[in-house]
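This report refers to the structure that appears directly beneath it.
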Number of protein chains: 2
Amino acid sequence: MEAGLTIFYIAIAAGLVALAFAGLLTLNLLRQDRGSEEVRFIGDAIQKGAMAFLAREYLMLSIFVVAMTATLAVLIDWDVTDRVGNDRDFPSTAVAYLIGALASALAGFIGMSIAVRANTRTTVKAMEGLNPALRIAFNSGTVMGVTVVGIGLIGVTVLYWIFKDPMIVAGFGFGASSIALFARVGGGIYTKAADVGADLVGKIELGIPEDDPRNPATVADNVGDNVGDVAGMGADLFESYVGSIIATLALTAVGAAAIGEATPTEFDDNLFVLPLLIAAIGIFSAILGTFLVRTGEGASMGRMLWSLRIGIFGAGALVLIGTGVGIAVLDLNFDLFWVVVVGLVAGQIIGTSSEYFTSYEFRFTKGVAAQSETGPATVIISGLGLGMLSTVIPGVVVVVAMWMANELAGTYGVALAAVGMLSTLGITLATDAYGPVADNAGGIAEQAHLDPVVRERTDALDALGNTTAATGKGFAIGSAVLTSLALMAAYAQVTGVKSLDLLDVNVLMGVIVGSIMPFLFSALTMQAVGRAANAMVTEVRRQFREIVGLMEGTAPPDYARAVDISTRGAMREMVLPGLLAIIAPIIVGSILGPEALGGLLVGAIATGFLLAIMMANAGGAWDNAKKYVEAGHLGGKGSPQHEAVVVGDTVGDPFKDTSGPALNILIKLMSIVALVFAPLFL
Amino acid sequence: MEAGLTIFYIAIAAGLVALAFAGLLTLNLLRQDRGSEEVRFIGDAIQKGAMAFLAREYLMLSIFVVAMTATLAVLIDWDVTDRVGNDRDFPSTAVAYLIGALASALAGFIGMSIAVRANTRTTVKAMEGLNPALRIAFNSGTVMGVTVVGIGLIGVTVLYWIFKDPMIVAGFGFGASSIALFARVGGGIYTKAADVGADLVGKIELGIPEDDPRNPATVADNVGDNVGDVAGMGADLFESYVGSIIATLALTAVGAAAIGEATPTEFDDNLFVLPLLIAAIGIFSAILGTFLVRTGEGASMGRMLWSLRIGIFGAGALVLIGTGVGIAVLDLNFDLFWVVVVGLVAGQIIGTSSEYFTSYEFRFTKGVAAQSETGPATVIISGLGLGMLSTVIPGVVVVVAMWMANELAGTYGVALAAVGMLSTLGITLATDAYGPVADNAGGIAEQAHLDPVVRERTDALDALGNTTAATGKGFAIGSAVLTSLALMAAYAQVTGVKSLDLLDVNVLMGVIVGSIMPFLFSALTMQAVGRAANAMVTEVRRQFREIVGLMEGTAPPDYARAVDISTRGAMREMVLPGLLAIIAPIIVGSILGPEALGGLLVGAIATGFLLAIMMANAGGAWDNAKKYVEAGHLGGKGSPQHEAVVVGDTVGDPFKDTSGPALNILIKLMSIVALVFAPLFL
């Protein structure tokens, strides 16, 4: 059996192992104790809310996906406009798209289903000790992580094996992007609308505590954490993961020229299958890495963080060993090994720099907190300044990584570096998806009036989750940028444009229009949060007015309806930004031509990248500045300083959880739309 | 006498007429009554403060300018590294640079000297009526406006006439840019440091009213208005004005090819001298336009605004007539006329869109004010959203204008469109520079306890000034972008780079690094404001502690020292961002090559443009949302809503008056540095 075929088997086997591992973890998790009736009641409400969200989201999605599937079949596969040069009977691209959408939706569904079942169980385990609770929460994150990579790798491998054409597999990536758009943008709007809606009516108008079970929006708020940080983050990285592999496949010929090998002609030549092999090695490494994550009782925050890091670094080391061996066995240029090193290291630096700017262990966030002495305005100014400053390290790292990867293997190297960065996604995503579970667990412990020692433990887990969330956001942006750049290169390759010359006014116009896109997109999503929050406020007020006995605690609120309102608000609000992201590249490509579209992508990637970093880090720093004050510094809770940092935190919410992350989707979606529709613009 | 020579004479004559007109207005202005002793006391303090600022600034400047002059002489003119291919004995570029710096400094000095003398006289005239007061304030602005264009046009024309080389005239532009850097960035830091410093100690710690003459920082605050909005804005637009003409000169050969004329060979061929002619026509038109600005007693805000607009539109119409005739007489392609139309119209649309987004007459700023019902956080979020959204119109206008100009006459057209946009600068700048005079006049009327009817009139003038300031900021950014793009094209022309290909990794790296620059620059300037304000706070506290009788009003404060502290703070703080703007293009050009530098410019221009618009408009909207509440809406002054919009206004201050405008300088300075040092990178 030749090497190429073996690697298809290995990749599919890796994917199946990942799914089996997810299954085992799930069975183990479901066997755990769900706790007292009070704990279960809260857990059930969150679970029901999450399902209500998914039901509504998938209804809306199905309409969109069907319409887009038909569009792709008609325009690309059947080529009715006769511009593509296809004459396929079978609508391959459309089917790949449909499968990509279903795959991403399935991964999101699985991850979220587990997360909303793990939260109560984490709370219960926290009664035993810190380590068992960490394991449960982390295992739930691991289910999401390995499910994403398992489904992603199987999907890409099987489709490429069947169709032998990276352009058809790009349809799969576009499908994944469509879901990511809904999950990340809609989810981001959802979570902040619920958050603000719950607080405005509950805490401010009625004076009931935060997370009070009588508040119909409280569950929506809890659901929102899962919707945004589990399903949204998962779909985002699913898109990056498959996008980077697809870009590598599309750029293989370029890579061969760059590393001085003969141009591969067969779809299963070694250079083609290399990204699949690296991804497979990454899956095994990530699974092994998860076993390294454990901590002793009474471990400090720093110790727990290191325990997660050991898992990630261990997985990274295994990937490098495996990749080195793999490249040697496949008899490929060893430069490709260094490309993978570049990608892995760059991802870690970007993530770590986010942590440095947003953790209150370090001077930047402490500086933002200190500005609370002179009121909310100076907190906002210093946070925005910090966010802007924090773009420099990730920006330079991306530039250097791109340069090194390109020196080593041309644009193929850039794509392969993205594959390397994302190879250990199974475990890096686990550390992200762990966050909301720990967050929910803390909330449940408080609401169910458990022993203070339980609270202490869940608080420790929650604090850890905040740090990993910051790192995860940085990593998500960094990988989105590298993936988008690789997709852009693939787009240029497919269209065969000779150059994207900035001295050509069309390209320059594309760059400027592309730079406008992230600003417009952010503006729309920020305004959307405001409107969706208003709808939630109206619904919560209505329930308190119309449901007899709600305020007295004798009748339960209609959680599902509040969730549905928030969901519908989010779905409605994401239509405009979503359509913009899909239509803009098509319009620019059709009217101004393929060169202008290339410019548009570069402008959007450069500006979107930096704006996303700025928003994520400013938001993270404001959040942690608030936590710093609440930990008793600068006057502590209830002081005017606290009021000032709360303003910062509220501004930061849509920054870090809605608009910032949505920019990842914008740049990747525009890039993959350009790639899929490229033949139409020639 | 041939046409070319005639036009040199016309241009110089126009410049002299402008200066003579400025002289006449000045004489007339100085003849006006300076008012009561109380009014004069305040006026003297502001005047003395302004001079203290200029003294310090020019000291610092002279060191920098001498060093840069020497650098240019050694590296460019004498070409010690043997990379330029020059063997001049006379250091032409260095001398042009020195003259450019002196010219810009002189224009700033004249404008500011008049502004700080016109404020008291405007107050006095407001006792007579609205129209006389408007005339005085507007005449003072006109002095600044026509001085800038007069000195600018004479400088460019004479240097080009003598040296016959656009690249040497580029040295003049670089000199102007250096001063603009100090004036705009330093001035921006100065004005907000003084503002915040005065408020924190005076209003908050000591409980004395705003603008109380006992507060040593109050004068610095008043001076700051002039420093930022008169000298800073003037230097900024002086730079754009000369930069656009220089770019046009450098691109003449390109233009000839684009419009199908023979390549001009003589320095005084018609196509070369066209921008000088248009600028000369613009000067005459602007002067005539100023006579159209007058209003009846009791005129509404809208009426006064129209009176200013009639002046601007009238000047624009005259420029078009003159340009049409000129192009016909010079027997040039009439497409060039349409290029000038494009530039003029684009400038007006961008300015008007700023007004639309920031005036509380319209729904956007009203929407920001309405968010005060839910506190400062929602005010900030909606203001940022508005700022981001407001980038779309200017962005699209620049893209369309660039496309049209390029279609008509290639990159020469882009440069000529910038010349067209800036041709009526004499009057557009007058409406800007009028603002701080009216603002000061209002403050003086309040401090000197004048008749309430005087206050009413100065308030009306002040409100008008806020609107024209918003329009002026938009116009300044729009013209900076078009000028930068033209300079970038000239840079590409001079270096002879064949393309700036985004598929070349060096160019792509340049674009990303360029996009980082505006974020980094803004972060540095925002942090600088914070530190400079702290220095001011310390000084004000010291004076109240050490000067016996200050609090009781029996001893005067040391205004000059507070001004000096603020000035030194500003000067110190602008070194790092300033050096960054000059060194970054040189480093990128030297290490990564001329293509990467081209990419850097495009990335910086696209991102800097949008960030500048966002900051200017968010800041303007917050400012006016506060004014809207203070006008009695949404609870009025002293309500929690008012507190919320005050937070917005404070955040907006460094946005709109420091970081945003500084970005204009960043993109132009980097472009002219690239152009001047271009020969070194080949």
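Each chain of the structure tokens is named A, B, ... in the order shown, its residues numbered from 1; ligands are numbered from 1 in display order.
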
Considering only C-alpha atoms, tabulate each residue of chain B that lies at most 6 Å from chain A along with its nearest interatomic pair and the corresponding distance in Å to one decimal; arrange the rows by chain and ascending residue number and present them as CSV.
residue,atom,partner,partner_atom,distance
B:Ala377,CA,A:Val647,CA,5.1
B:Ile381,CA,A:Val651,CA,5.8
B:Gly385,CA,A:Ala523,CA,4.4
B:Met388,CA,A:Phe519,CA,5.0
B:Leu389,CA,A:Leu520,CA,5.3
B:Val399,CA,A:Met509,CA,5.6
B:Ser499,CA,A:Asp501,CA,5.5
B:Leu500,CA,A:Asp501,CA,4.9
B:Asp501,CA,A:Asp501,CA,4.3
B:Leu502,CA,A:Leu500,CA,5.1
B:Met509,CA,A:Val399,CA,5.6
B:Ile512,CA,A:Ala606,CA,5.5
B:Phe519,CA,A:Met388,CA,5.0
B:Leu520,CA,A:Leu389,CA,5.3
B:Ala523,CA,A:Gly385,CA,4.4
B:Ala606,CA,A:Ile512,CA,5.5
B:Val647,CA,A:Ala377,CA,5.1
B:Thr650,CA,A:Ala377,CA,5.9
B:Val651,CA,A:Ala377,CA,5.4

Those in region 304-509 of chain A with alpha helix (DSSP H) from DSSP, as a VMD selection string: chain A and resid 304 to 329 335 to 358 363 to 370 376 to 389 392 to 422 425 to 447 452 to 495 505 to 509

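Every protein, DNA or RNA residue with an atom at most 7 Å from Gln641 (chain A), where only C-alpha atoms count and chain neighbours fewer than 3 positions away do not, is listed here: Ser372, Glu373, Gly375, Leu634, Gly635, Ala644 and Val645 of chain A.
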
Can those selected residues be exported to a file as a PDB file, in the first residue's frame so that it contains N, CA and C atoms?
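To be explicit, this is the file written out as out.pdb:
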ATOM      1  N   SER A 372      -9.106  53.770  38.184  1.00  0.00           N
ATOM      2  CA  SER A 372     -10.435  53.936  38.786  1.00  0.00           C
ATOM      3  C   SER A 372     -10.428  55.014  39.863  1.00  0.00           C
ATOM      4  N   GLU A 373      -9.230  55.395  40.331  1.00  0.00           N
ATOM      5  CA  GLU A 373      -9.137  56.482  41.314  1.00  0.00           C
ATOM      6  C   GLU A 373      -9.687  57.781  40.748  1.00  0.00           C
ATOM      7  N   GLY A 375     -12.038  57.837  38.271  1.00  0.00           N
ATOM      8  CA  GLY A 375     -13.354  57.650  37.676  1.00  0.00           C
ATOM      9  C   GLY A 375     -13.389  56.768  36.447  1.00  0.00           C
ATOM     10  N   LEU A 634      -7.802  48.768  46.028  1.00  0.00           N
ATOM     11  CA  LEU A 634      -8.297  50.087  45.599  1.00  0.00           C
ATOM     12  C   LEU A 634      -9.694  50.410  46.130  1.00  0.00           C
ATOM     13  N   GLY A 635      -9.984  49.969  47.349  1.00  0.00           N
ATOM     14  CA  GLY A 635     -11.286  50.290  47.923  1.00  0.00           C
ATOM     15  C   GLY A 635     -12.248  49.118  47.925  1.00  0.00           C
ATOM     16  N   ALA A 644     -16.400  52.465  39.016  1.00  0.00           N
ATOM     17  CA  ALA A 644     -15.680  52.863  37.793  1.00  0.00           C
ATOM     18  C   ALA A 644     -15.250  51.648  36.989  1.00  0.00           C
ATOM     19  N   VAL A 645     -14.730  50.628  37.661  1.00  0.00           N
ATOM     20  CA  VAL A 645     -14.275  49.455  36.900  1.00  0.00           C
ATOM     21  C   VAL A 645     -15.454  48.633  36.376  1.00  0.00           C
TER      22      VAL A 645
END

Spatial neighbours of Leu59 (chain B), max dist 12 Å, only C-alpha atoms, sep filter under 4 positions, as a PyMOL selection string: chain B and resi 52-55+63-66+105+182+567-568+571

Nearby residues (only C-alpha atoms) at most 12 Å from Ala137 (chain B), same-chain spacing under 4 positions excluded, as a PyMOL selection string: chain B and resi 25-26+29+32+114-126+130-133+141-144+293-294+430-442+458+461-462+464-465

Spatial neighbours of region 7-21 of chain A, max dist 10 Å, only C-alpha atoms, sep filter under 3 positions, as a ChimeraX atom specification: /A:2-4,24-27,142-158,160-161,268,270,273-284,286-287,426

Among the residues A:Val196, A:Ile583, A:Ala616, A:Ala463, the one that comes closest to Phe677 (chain A) [using only C-alpha atoms]: A:Ile583
